[in-house]
>>> print(open('entry-v5.cif').read())   # mmCIF, C-alpha atoms and all ligand atoms
data_data
loop_
_atom_site.label_atom_id
_atom_site.label_comp_id
_atom_site.auth_asym_id
_atom_site.auth_seq_id
_atom_site.Cartn_x
_atom_site.Cartn_y
_atom_site.Cartn_z
CA MET X 1 -56.03 8.80 36.02
CA SER X 2 -52.38 9.57 36.53
CA ASP X 3 -49.80 8.57 33.98
CA LYS X 4 -47.14 6.47 35.70
CA ARG X 5 -44.87 6.18 32.71
CA ASN X 6 -41.39 7.55 33.09
CA PHE X 7 -40.79 9.96 30.24
CA SER X 8 -37.01 9.95 30.28
CA TYR X 9 -36.52 10.29 26.51
CA VAL X 10 -37.13 13.13 24.13
CA VAL X 11 -38.26 12.57 20.55
CA SER X 12 -37.21 15.39 18.28
CA SER X 13 -38.02 16.03 14.64
CA PHE X 14 -37.28 18.66 12.04
CA TYR X 15 -37.04 19.18 8.30
CA VAL X 16 -35.34 21.81 6.26
CA PHE X 17 -35.31 22.57 2.54
CA TYR X 18 -31.76 23.74 2.22
CA PRO X 19 -29.61 22.83 -0.79
CA LEU X 20 -26.77 20.45 0.11
CA LYS X 21 -23.80 19.61 -2.08
CA LYS X 22 -24.50 16.49 -4.10
CA GLU X 23 -20.85 15.42 -4.21
CA THR X 24 -20.49 15.15 -0.44
CA LEU X 25 -23.88 13.67 0.49
CA GLU X 26 -22.42 10.23 1.15
CA THR X 27 -19.62 11.44 3.40
CA PHE X 28 -22.06 13.77 5.13
CA ARG X 29 -24.35 10.81 5.75
CA ASP X 30 -21.53 8.86 7.38
CA LYS X 31 -20.59 11.79 9.60
CA ILE X 32 -24.13 12.33 10.88
CA GLU X 33 -24.62 8.63 11.41
CA SER X 34 -21.52 8.21 13.54
CA LYS X 35 -22.32 11.37 15.51
CA GLY X 36 -25.85 10.19 16.27
CA ARG X 37 -24.71 6.72 17.22
CA SER X 38 -21.91 8.00 19.45
CA LEU X 39 -24.53 9.96 21.39
CA GLY X 40 -26.74 6.91 21.80
CA LEU X 41 -29.52 8.32 19.65
CA VAL X 42 -31.95 6.21 17.64
CA GLY X 43 -33.96 7.42 14.67
CA LEU X 44 -34.25 7.89 10.95
CA TYR X 45 -32.54 10.74 9.15
CA LEU X 46 -33.17 11.41 5.45
CA LEU X 47 -30.69 13.46 3.54
CA GLY X 48 -30.86 14.75 -0.01
CA HIS X 49 -29.78 17.51 -2.32
CA GLU X 50 -32.95 19.37 -1.34
CA GLY X 51 -32.36 19.21 2.43
CA ALA X 52 -32.92 17.02 5.46
CA ASN X 53 -35.87 15.40 7.24
CA ALA X 54 -35.43 13.51 10.49
CA THR X 55 -36.96 12.09 13.66
CA TYR X 56 -34.74 10.73 16.42
CA SER X 57 -34.73 10.28 20.14
CA GLY X 58 -32.45 10.04 23.13
CA LEU X 59 -31.75 11.76 26.42
CA LEU X 60 -32.40 15.48 26.21
CA SER X 61 -28.77 16.53 26.70
CA ASP X 62 -27.62 14.18 23.91
CA VAL X 63 -30.37 15.36 21.57
CA LEU X 64 -29.34 18.98 22.16
CA THR X 65 -25.66 18.17 21.58
CA PHE X 66 -26.60 16.50 18.31
CA GLU X 67 -28.68 19.45 17.19
CA SER X 68 -26.00 22.04 17.74
CA TYR X 69 -23.59 19.81 15.84
CA LEU X 70 -26.13 19.51 13.03
CA ALA X 71 -26.53 23.22 12.48
CA ASP X 72 -22.78 23.63 11.85
CA ALA X 73 -22.54 20.45 9.79
CA LEU X 74 -25.40 21.47 7.49
CA LYS X 75 -23.80 24.87 6.89
CA ALA X 76 -20.49 23.19 6.09
CA HIS X 77 -22.19 21.12 3.36
CA ALA X 78 -24.47 23.85 2.00
CA ASP X 79 -24.80 24.37 -1.72
CA SER X 80 -26.00 27.96 -1.36
CA GLU X 81 -25.63 31.12 0.67
CA GLU X 82 -29.12 30.79 2.11
CA GLU X 83 -29.62 31.37 5.77
CA LEU X 84 -30.17 28.14 7.70
CA LYS X 85 -33.18 28.08 9.98
CA LEU X 86 -33.84 24.94 12.00
CA GLU X 87 -37.02 24.37 14.00
CA PHE X 88 -37.17 21.29 16.17
CA LYS X 89 -40.39 19.76 17.48
CA LYS X 90 -40.03 17.84 20.72
CA SER X 91 -42.20 15.40 22.61
CA PRO X 92 -41.68 13.07 25.59
CA SER X 93 -41.41 9.29 25.42
CA HIS X 94 -41.00 6.52 27.98
CA PHE X 95 -39.02 4.38 25.52
CA GLN X 96 -36.79 4.77 22.47
CA PRO X 97 -39.18 4.45 19.51
CA PHE X 98 -36.59 3.31 16.94
CA LYS X 99 -34.28 0.33 16.86
CA GLU X 100 -31.14 2.11 15.72
CA PHE X 101 -29.85 5.34 14.26
CA ARG X 102 -29.86 5.35 10.47
CA VAL X 103 -29.13 8.02 7.90
CA LYS X 104 -30.24 7.51 4.30
CA VAL X 105 -29.57 9.49 1.15
CA ARG X 106 -32.71 10.01 -0.94
CA GLU X 107 -33.70 11.87 -4.09
CA GLU X 108 -36.56 13.46 -2.19
CA ILE X 109 -36.63 13.96 1.58
CA VAL X 110 -40.39 13.48 1.41
CA THR X 111 -41.64 11.42 -1.49
CA LEU X 112 -44.15 13.04 -3.80
CA GLY X 113 -42.49 11.49 -6.83
CA ARG X 114 -41.74 14.96 -8.12
CA GLU X 115 -38.07 15.82 -7.79
CA ASP X 116 -38.75 19.03 -9.68
CA LEU X 117 -41.07 20.43 -7.03
CA VAL X 118 -38.68 21.80 -4.42
CA PRO X 119 -40.02 24.38 -1.96
CA LYS X 120 -37.82 27.46 -2.29
CA ASP X 121 -39.20 30.02 0.06
CA ARG X 122 -41.88 30.13 2.70
CA LYS X 123 -45.18 29.78 0.96
CA ARG X 124 -48.37 30.84 2.77
CA HIS X 125 -47.47 29.42 6.15
CA LEU X 126 -49.90 30.06 8.94
CA SER X 127 -48.68 30.08 12.52
CA VAL X 128 -50.47 27.78 14.91
CA ASP X 129 -52.52 30.72 16.19
CA GLU X 130 -53.50 31.92 12.72
CA PHE X 131 -54.41 28.39 11.67
CA HIS X 132 -56.46 27.86 14.82
CA GLU X 133 -58.32 31.10 14.08
CA MET X 134 -59.00 30.10 10.46
CA LEU X 135 -60.27 26.67 11.53
CA GLN X 136 -63.26 28.35 13.20
CA ARG X 137 -64.44 30.00 9.99
CA ASP X 138 -67.20 28.34 8.02
CA ASP X 139 -66.03 29.43 4.56
CA VAL X 140 -62.79 27.43 4.56
CA VAL X 141 -62.01 24.02 3.13
CA ILE X 142 -59.88 21.92 5.49
CA LEU X 143 -57.88 19.30 3.62
CA ASP X 144 -55.73 16.60 5.21
CA THR X 145 -52.63 15.76 3.13
CA ARG X 146 -51.86 12.52 5.00
CA ASN X 147 -52.74 8.89 4.32
CA ASP X 148 -56.07 7.24 5.07
CA TYR X 149 -54.84 5.28 8.10
CA GLU X 150 -53.47 8.49 9.62
CA TYR X 151 -56.73 10.35 9.09
CA GLU X 152 -58.65 7.50 10.62
CA ILE X 153 -57.14 7.76 14.09
CA GLY X 154 -57.22 11.55 14.27
CA HIS X 155 -57.82 14.73 12.23
CA PHE X 156 -59.00 18.31 12.47
CA LYS X 157 -62.72 18.71 12.98
CA GLY X 158 -64.42 18.92 9.58
CA ALA X 159 -61.34 18.01 7.54
CA ILE X 160 -61.61 16.23 4.20
CA ASP X 161 -59.95 12.80 3.94
CA PRO X 162 -58.30 12.32 0.52
CA LYS X 163 -58.27 8.55 1.25
CA ILE X 164 -54.79 8.08 -0.18
CA LYS X 165 -52.46 5.21 0.68
CA GLU X 166 -49.28 7.22 0.21
CA PHE X 167 -48.30 10.81 -0.34
CA ARG X 168 -47.36 10.35 -3.99
CA ASP X 169 -51.07 9.72 -4.72
CA PHE X 170 -51.99 13.24 -3.58
CA PRO X 171 -51.72 15.02 -6.99
CA GLU X 172 -53.96 12.38 -8.63
CA TYR X 173 -56.45 12.71 -5.80
CA LEU X 174 -56.55 16.49 -6.35
CA LYS X 175 -57.32 16.17 -10.04
CA ALA X 176 -60.38 14.05 -9.38
CA SER X 177 -61.43 15.78 -6.15
CA GLY X 178 -63.68 18.49 -7.56
CA LEU X 179 -62.64 20.77 -4.71
CA PRO X 180 -63.29 24.49 -5.32
CA LYS X 181 -60.08 26.06 -6.55
CA ALA X 182 -60.69 29.59 -5.34
CA ALA X 183 -61.96 28.75 -1.85
CA PRO X 184 -59.65 29.44 1.08
CA THR X 185 -58.15 26.03 1.79
CA LEU X 186 -56.23 24.95 4.87
CA ILE X 187 -53.86 22.02 4.54
CA TYR X 188 -51.96 20.22 7.27
CA CYS X 189 -49.81 17.16 7.95
CA THR X 190 -47.85 15.71 10.89
CA GLY X 191 -44.82 17.97 10.97
CA GLY X 192 -45.38 20.27 8.00
CA ILE X 193 -43.07 18.79 5.38
CA ARG X 194 -45.70 17.13 3.19
CA CYS X 195 -47.64 20.40 2.94
CA GLU X 196 -44.52 22.20 1.65
CA LYS X 197 -44.78 20.06 -1.47
CA ALA X 198 -48.55 19.61 -1.47
CA ILE X 199 -49.04 23.36 -1.80
CA LEU X 200 -46.84 23.40 -4.92
CA ALA X 201 -48.80 20.53 -6.43
CA MET X 202 -52.02 22.39 -5.65
CA GLU X 203 -50.86 25.63 -7.22
CA GLU X 204 -49.85 23.73 -10.31
CA GLN X 205 -53.47 22.61 -10.61
CA GLY X 206 -54.88 26.07 -10.11
CA PHE X 207 -55.61 26.07 -6.38
CA ASP X 208 -54.39 29.55 -5.54
CA ASN X 209 -55.83 30.21 -2.10
CA VAL X 210 -54.11 27.53 -0.04
CA TYR X 211 -52.55 27.93 3.40
CA GLN X 212 -50.35 25.46 5.26
CA LEU X 213 -49.96 24.82 8.99
CA GLU X 214 -46.43 25.67 10.00
CA GLY X 215 -44.89 22.90 12.11
CA GLY X 216 -47.86 20.63 11.44
CA ILE X 217 -50.12 18.87 13.91
CA LEU X 218 -47.26 18.34 16.35
CA LYS X 219 -46.76 22.09 16.71
CA TYR X 220 -50.51 22.69 16.91
CA LEU X 221 -50.99 20.22 19.76
CA GLU X 222 -48.14 21.82 21.69
CA LYS X 223 -50.25 24.95 21.92
CA TYR X 224 -53.82 23.69 21.62
CA PRO X 225 -54.15 20.21 23.13
CA GLN X 226 -57.85 20.96 23.67
CA GLY X 227 -58.39 22.74 20.35
CA ARG X 228 -59.92 21.63 17.07
CA TRP X 229 -58.00 18.35 16.87
CA GLU X 230 -60.01 15.15 17.31
CA GLY X 231 -58.37 11.83 18.19
CA GLU X 232 -54.67 11.05 18.17
CA CYS X 233 -51.83 11.78 15.79
CA PHE X 234 -50.20 8.92 13.89
CA VAL X 235 -46.38 8.93 13.87
CA PHE X 236 -44.01 6.78 11.80
CA ASP X 237 -42.14 5.03 14.58
CA HIS X 238 -42.75 2.55 17.36
CA ARG X 239 -44.87 4.99 19.32
CA LEU X 240 -47.53 4.47 16.59
CA ALA X 241 -49.41 7.59 17.66
CA VAL X 242 -49.24 10.42 20.16
CA ASP X 243 -52.15 11.75 22.17
CA ALA X 244 -53.19 15.40 22.43
CA GLU X 245 -50.43 15.94 25.01
CA LEU X 246 -47.89 14.53 22.54
CA LYS X 247 -47.29 11.47 24.72
CA PRO X 248 -47.12 7.98 23.18
CA THR X 249 -50.59 6.53 22.74
CA THR X 250 -52.12 4.24 25.34
CA LYS X 251 -55.20 3.69 23.20
CA PHE X 252 -53.78 1.98 20.12
CA LYS X 253 -51.60 -1.10 19.65
CA PHE X 254 -49.99 -2.36 16.46
CA CYS X 255 -52.26 -4.87 14.76
CA PRO X 256 -50.24 -8.13 14.72
CA HIS X 257 -51.48 -8.87 11.18
CA CYS X 258 -51.09 -5.59 9.29
CA GLY X 259 -49.07 -3.35 11.63
CA GLN X 260 -51.67 -0.58 11.61
CA PRO X 261 -53.42 0.98 14.62
CA ALA X 262 -55.66 -1.48 16.41
CA THR X 263 -58.15 -1.21 19.28
CA GLN X 264 -60.22 -4.42 19.23
CA PRO X 265 -59.37 -6.81 22.09
CA ILE X 266 -59.70 -10.47 21.14
CA THR X 267 -58.83 -13.88 22.50
CA CYS X 268 -56.66 -15.77 20.04
CA LYS X 269 -58.62 -18.62 18.43
CA ARG X 270 -55.57 -20.83 18.34
CA CYS X 271 -53.61 -20.15 21.53
CA ASP X 272 -56.14 -18.27 23.73
CA ALA X 273 -53.72 -15.41 24.36
CA GLY X 274 -55.15 -11.90 24.62
CA ALA X 275 -54.38 -9.58 21.70
CA VAL X 276 -55.54 -6.38 20.06
CA VAL X 277 -56.40 -6.51 16.36
CA CYS X 278 -57.64 -3.85 13.93
CA THR X 279 -61.24 -3.87 12.72
CA LYS X 280 -60.24 -4.13 9.05
CA CYS X 281 -58.38 -7.41 9.63
CA LEU X 282 -61.22 -8.74 11.78
CA GLU X 283 -63.73 -7.98 9.05
CA ALA X 284 -61.48 -9.44 6.37
CA SER X 285 -61.25 -12.97 7.73
CA THR X 286 -61.91 -15.05 10.81
CA HIS X 287 -58.42 -16.50 10.96
CA LYS X 288 -57.25 -13.02 11.90
CA GLU X 289 -59.03 -13.41 15.19
CA THR X 290 -55.62 -14.54 16.33
CA CYS X 291 -52.70 -13.02 18.22
CA SER X 292 -50.03 -13.25 15.53
CA ARG X 293 -49.33 -14.07 11.90
CA ASN X 294 -48.04 -17.38 13.08
CA CYS X 295 -51.29 -18.30 14.86
CA ALA X 296 -53.29 -17.01 11.88
CA TYR X 297 -51.34 -19.28 9.54
CA HIS X 298 -51.79 -22.38 11.67
CA PHE X 299 -55.41 -21.62 12.50
CA GLN X 300 -56.23 -21.27 8.81
CA ARG X 301 -54.75 -24.68 8.06
CA ARG X 302 -56.11 -26.51 11.11
CA PRO X 303 -58.94 -24.55 12.79
CA ASP X 304 -59.57 -27.44 15.20
CA LYS X 305 -56.01 -27.64 16.51
CA LYS X 306 -54.98 -25.52 19.49
CA GLY X 307 -51.40 -24.31 19.96
CA ALA X 308 -49.30 -22.93 22.78
CA PRO X 309 -49.16 -19.15 23.18
CA GLN X 310 -46.07 -17.55 21.76
CA GLU X 311 -43.66 -15.90 24.12
CA LYS X 312 -44.11 -12.60 22.34
CA SER X 313 -45.67 -11.47 19.11
CA PHE X 314 -43.35 -10.38 16.35
CA LEU X 315 -44.16 -6.69 16.81
CA ALA X 316 -43.92 -6.84 20.58
CA GLN X 317 -40.50 -8.38 20.10
CA LYS X 318 -39.48 -5.53 17.82
CA LEU X 319 -40.71 -3.00 20.35
CA THR X 320 -38.73 -4.64 23.11
CA GLU X 321 -35.60 -4.44 21.03
CA ALA X 322 -36.38 -0.83 20.20
CA SER X 323 -36.94 0.22 23.77
CA GLY X 324 -34.11 -1.79 25.27
CA GLU X 325 -36.26 -2.56 28.27
CA ALA X 326 -38.96 -4.99 29.25
CA HIS X 327 -41.65 -3.02 27.48
CA HIS X 328 -44.82 -4.97 27.93
CA SER X 329 -47.07 -4.89 24.92
CA GLY X 330 -50.23 -5.55 26.92
ZN ZN Y 1 -54.86 -5.27 10.95
ZN ZN Y 2 -52.22 -16.99 19.27
#
>>> encode(input="entry-v5.cif", output="structure tokens", more="lines below")
Ligand SMILES: [Zn+2]
Ligand SMILES: [Zn+2]
Amino acid sequence: MSDKRNFSYVVSSFYVFYPLKKETLETFRDKIESKGRSLGLVGLYLLGHEGANATYSGLLSDVLTFESYLADALKAHADSEEELKLEFKKSPSHFQPFKEFRVKVREEIVTLGREDLVPKDRKRHLSVDEFHEMLQRDDVVILDTRNDYEYEIGHFKGAIDPKIKEFRDFPEYLKASGLPKAAPTLIYCTGGIRCEKAILAMEEQGFDNVYQLEGGILKYLEKYPQGRWEGECFVFDHRLAVDAELKPTTKFKFCPHCGQPATQPITCKRCDAGAVVCTKCLEASTHKETCSRNCAYHFQRRPDKKGAPQEKSFLAQKLTEASGEAHHSG
């Protein structure tokens, strides 16, 4: 089956723990925002005293222009003499997966709820090859540091699911986990940033044999699309997930009720339109056998009354705005 989508955009992401001057964070934010917008990029860029964490997309030449600008700009606002090392992860997209380009100043560039845990130097990073090698061993614990809905649509073979709703729950999970503290433990996340803090939280609790995947799943799939990864990789933008070739998913849609990955085709009980809903919502209540929150609301009140199909579901509408083209949700 050939993929007829036209991958004219590049999605790029990076993070860096690199002290930035607190006093100029706001002006720095404005500068980056106007640079990104002037290049026609869309995305979300988090900035803090501890560094930067961003995902954005645009045409390749514009993305590259932005990135060379960034390197100089970060150095100009540095609060230390540290060497700046930026590693960008890139993947193709047939649409722009954000609505606009926004830069936000945050206490933490990834939220563990622990401003005191700032990664200082490289801590037990494994390259993609080393990690791949370790994954084959049978004496290692493989621990996912992501949320339950991310694990659900894809994870490394044999990995443990902490079943957390958000990253800040990870330390609590650890305490109750009963995982062996001395066993060699491999941790991973989407792009690597969560593991930078997770490993500190683990060490604090006495886990002293932990290794993290450098560059995360995105870097792993670049090299091993047919490796130890099973399923797809959730991403926090309108692509929803990427497949093993790092292309936007064709398997999952956004559930119109909860916004999470959905695969169950249904016919809306109110308007008869086709839709794709997640299994959790379907199990939760019959009025979610509908194409939208609007139909669910009306169906719940008057199950006997049919209604006209909506032009577009709320999320499909958002996607259309994001992509700036007639992106069909079906
Ligand atoms: Zn749902
Ligand atoms: Zn409907």
>>> atom_distance(input="entry-v5.cif", atom1="CA of Arg146 in chain X", atom2="CA of Tyr188 in chain X")
8.0 Å
>>> closest_atom_pairs(input="entry-v5.cif", of="chain X", to="ligand ZN 2 (chain Y)", cutoff="10 Å", atoms="all atoms listed in the file", output="tab-separated table")
residue	atom	partner	partner_atom	distance
X:Thr267	CA	Y:ZN2	ZN	8.0
X:Cys268	CA	Y:ZN2	ZN	4.7
X:Lys269	CA	Y:ZN2	ZN	6.7
X:Arg270	CA	Y:ZN2	ZN	5.2
X:Cys271	CA	Y:ZN2	ZN	4.1
X:Asp272	CA	Y:ZN2	ZN	6.1
X:Ala273	CA	Y:ZN2	ZN	5.5
X:Gly274	CA	Y:ZN2	ZN	7.9
X:Ala275	CA	Y:ZN2	ZN	8.1
X:Lys288	CA	Y:ZN2	ZN	9.8
X:Glu289	CA	Y:ZN2	ZN	8.7
X:Thr290	CA	Y:ZN2	ZN	5.1
X:Cys291	CA	Y:ZN2	ZN	4.1
X:Ser292	CA	Y:ZN2	ZN	5.7
X:Arg293	CA	Y:ZN2	ZN	8.4
X:Asn294	CA	Y:ZN2	ZN	7.5
X:Cys295	CA	Y:ZN2	ZN	4.7
X:Ala296	CA	Y:ZN2	ZN	7.5
X:His298	CA	Y:ZN2	ZN	9.3
X:Phe299	CA	Y:ZN2	ZN	8.8
X:Lys306	CA	Y:ZN2	ZN	9.0
X:Gly307	CA	Y:ZN2	ZN	7.4
X:Ala308	CA	Y:ZN2	ZN	7.5
X:Pro309	CA	Y:ZN2	ZN	5.4
X:Gln310	CA	Y:ZN2	ZN	6.7
X:Glu311	CA	Y:ZN2	ZN	9.9
X:Lys312	CA	Y:ZN2	ZN	9.7
X:Ser313	CA	Y:ZN2	ZN	8.6
>>> atom_distance(input="entry-v5.cif", atom1="CA of Leu60 in chain X", atom2="CA of Asp237 in chain X")
18.4 Å
>>> residues_around(input="entry-v5.cif", residues="Ile199 in chain X", least_positions_apart="2", cutoff="12 Å", atoms="only C-alpha atoms", output="PyMOL selection string")
chain X and resi 112+117-120+122-125+143-145+170-171+174+185-189+192-197+201-213
>>> write_last_selection(input="entry-v5.cif", atoms="C-alpha atoms", output="mmCIF file, in the frame of the given file")
data_model
loop_
_atom_site.group_PDB
_atom_site.id
_atom_site.type_symbol
_atom_site.label_atom_id
_atom_site.label_comp_id
_atom_site.auth_asym_id
_atom_site.auth_seq_id
_atom_site.Cartn_x
_atom_site.Cartn_y
_atom_site.Cartn_z
ATOM 1 C CA LEU X 112 -44.150 13.040 -3.800
ATOM 2 C CA LEU X 117 -41.070 20.430 -7.030
ATOM 3 C CA VAL X 118 -38.680 21.800 -4.420
ATOM 4 C CA PRO X 119 -40.020 24.380 -1.960
ATOM 5 C CA LYS X 120 -37.820 27.460 -2.290
ATOM 6 C CA ARG X 122 -41.880 30.130 2.700
ATOM 7 C CA LYS X 123 -45.180 29.780 0.960
ATOM 8 C CA ARG X 124 -48.370 30.840 2.770
ATOM 9 C CA HIS X 125 -47.470 29.420 6.150
ATOM 10 C CA LEU X 143 -57.880 19.300 3.620
ATOM 11 C CA ASP X 144 -55.730 16.600 5.210
ATOM 12 C CA THR X 145 -52.630 15.760 3.130
ATOM 13 C CA PHE X 170 -51.990 13.240 -3.580
ATOM 14 C CA PRO X 171 -51.720 15.020 -6.990
ATOM 15 C CA LEU X 174 -56.550 16.490 -6.350
ATOM 16 C CA THR X 185 -58.150 26.030 1.790
ATOM 17 C CA LEU X 186 -56.230 24.950 4.870
ATOM 18 C CA ILE X 187 -53.860 22.020 4.540
ATOM 19 C CA TYR X 188 -51.960 20.220 7.270
ATOM 20 C CA CYS X 189 -49.810 17.160 7.950
ATOM 21 C CA GLY X 192 -45.380 20.270 8.000
ATOM 22 C CA ILE X 193 -43.070 18.790 5.380
ATOM 23 C CA ARG X 194 -45.700 17.130 3.190
ATOM 24 C CA CYS X 195 -47.640 20.400 2.940
ATOM 25 C CA GLU X 196 -44.520 22.200 1.650
ATOM 26 C CA LYS X 197 -44.780 20.060 -1.470
ATOM 27 C CA ALA X 201 -48.800 20.530 -6.430
ATOM 28 C CA MET X 202 -52.020 22.390 -5.650
ATOM 29 C CA GLU X 203 -50.860 25.630 -7.220
ATOM 30 C CA GLU X 204 -49.850 23.730 -10.310
ATOM 31 C CA GLN X 205 -53.470 22.610 -10.610
ATOM 32 C CA GLY X 206 -54.880 26.070 -10.110
ATOM 33 C CA PHE X 207 -55.610 26.070 -6.380
ATOM 34 C CA ASP X 208 -54.390 29.550 -5.540
ATOM 35 C CA ASN X 209 -55.830 30.210 -2.100
ATOM 36 C CA VAL X 210 -54.110 27.530 -0.040
ATOM 37 C CA TYR X 211 -52.550 27.930 3.400
ATOM 38 C CA GLN X 212 -50.350 25.460 5.260
ATOM 39 C CA LEU X 213 -49.960 24.820 8.990
#
>>> residues_near_ligand(input="entry-v5.cif", ligand="ligand ZN 1 (chain Y)", cutoff="12 Å", atoms="all atoms listed in the file", output="ChimeraX atom specification")
/X:149,252-264,275-285,287-293,296
>>> closest_residue(input="entry-v5.cif", among="X:Leu221, X:Val16, X:Ile142, X:Leu25", to="Ala76 in chain X", atoms="all atoms listed in the file")
X:Leu25
>>> residues_around(input="entry-v5.cif", residues="Phe236 in chain X", least_positions_apart="4", cutoff="12 Å", atoms="all atoms listed in the file", output="JSON list (two decimals) with C-alpha atoms, keeping the file's coordinate frame")
[["chain", "number", "residue", "atom", "x", "y", "z"],
["X", 11, "VAL", "CA", -38.26, 12.57, 20.55],
["X", 13, "SER", "CA", -38.02, 16.03, 14.64],
["X", 43, "GLY", "CA", -33.96, 7.42, 14.67],
["X", 44, "LEU", "CA", -34.25, 7.89, 10.95],
["X", 54, "ALA", "CA", -35.43, 13.51, 10.49],
["X", 55, "THR", "CA", -36.96, 12.09, 13.66],
["X", 56, "TYR", "CA", -34.74, 10.73, 16.42],
["X", 97, "PRO", "CA", -39.18, 4.45, 19.51],
["X", 98, "PHE", "CA", -36.59, 3.31, 16.94],
["X", 146, "ARG", "CA", -51.86, 12.52, 5.00],
["X", 147, "ASN", "CA", -52.74, 8.89, 4.32],
["X", 149, "TYR", "CA", -54.84, 5.28, 8.10],
["X", 150, "GLU", "CA", -53.47, 8.49, 9.62],
["X", 190, "THR", "CA", -47.85, 15.71, 10.89],
["X", 191, "GLY", "CA", -44.82, 17.97, 10.97],
["X", 240, "LEU", "CA", -47.53, 4.47, 16.59],
["X", 241, "ALA", "CA", -49.41, 7.59, 17.66],
["X", 242, "VAL", "CA", -49.24, 10.42, 20.16],
["X", 248, "PRO", "CA", -47.12, 7.98, 23.18],
["X", 254, "PHE", "CA", -49.99, -2.36, 16.46],
["X", 259, "GLY", "CA", -49.07, -3.35, 11.63],
["X", 260, "GLN", "CA", -51.67, -0.58, 11.61],
["X", 261, "PRO", "CA", -53.42, 0.98, 14.62]]
>>> closest_residue(input="entry-v5.cif", among="X:Ser177, X:Ser127, X:Ser93, X:Gln136", to="Pro162 in chain X", atoms="only C-alpha atoms")
X:Ser177
>>> atom_distance(input="entry-v5.cif", atom1="CA of Pro265 in chain X", atom2="CA of Ile217 in chain X")
28.5 Å
>>> closest_residue(input="entry-v5.cif", among="X:Arg114, X:Arg137, X:His49, X:Lys219", to="Glu23 in chain X", atoms="only C-alpha atoms")
X:His49
>>> residues_near_point(input="entry-v5.cif", point="(-26.7, 9.6, -0.9)", cutoff="10 Å", atoms="only C-alpha atoms", output="PyMOL selection string")
chain X and resi 22-30+46-49+103-107
>>> write_last_selection(input="entry-v5.cif", atoms="C-alpha atoms", output="short mmCIF file (atom, residue, chain, number, x, y, z; two decimals), in the coordinates of the input")
data_model
loop_
_atom_site.label_atom_id
_atom_site.label_comp_id
_atom_site.auth_asym_id
_atom_site.auth_seq_id
_atom_site.Cartn_x
_atom_site.Cartn_y
_atom_site.Cartn_z
CA LYS X 22 -24.50 16.49 -4.10
CA GLU X 23 -20.85 15.42 -4.21
CA THR X 24 -20.49 15.15 -0.44
CA LEU X 25 -23.88 13.67 0.49
CA GLU X 26 -22.42 10.23 1.15
CA THR X 27 -19.62 11.44 3.40
CA PHE X 28 -22.06 13.77 5.13
CA ARG X 29 -24.35 10.81 5.75
CA ASP X 30 -21.53 8.86 7.38
CA LEU X 46 -33.17 11.41 5.45
CA LEU X 47 -30.69 13.46 3.54
CA GLY X 48 -30.86 14.75 -0.01
CA HIS X 49 -29.78 17.51 -2.32
CA VAL X 103 -29.13 8.02 7.90
CA LYS X 104 -30.24 7.51 4.30
CA VAL X 105 -29.57 9.49 1.15
CA ARG X 106 -32.71 10.01 -0.94
CA GLU X 107 -33.70 11.87 -4.09
#
>>> closest_residue(input="entry-v5.cif", among="X:Leu200, X:Ala182, X:Ala52, X:Ile266", to="Phe17 in chain X", atoms="all atoms listed in the file")
X:Ala52
>>> residues_around(input="entry-v5.cif", residues="Asp148 in chain X", least_positions_apart="5", cutoff="7 Å", atoms="only C-alpha atoms", output="PyMOL selection string")
chain X and resi 161+163-165
>>> residues_around(input="entry-v5.cif", residues="range 39-41 of chain X", least_positions_apart="3", cutoff="6 Å", atoms="only C-alpha atoms", output="list in words")
Gly36, Ser57, Gly58 and Asp62 of chain X
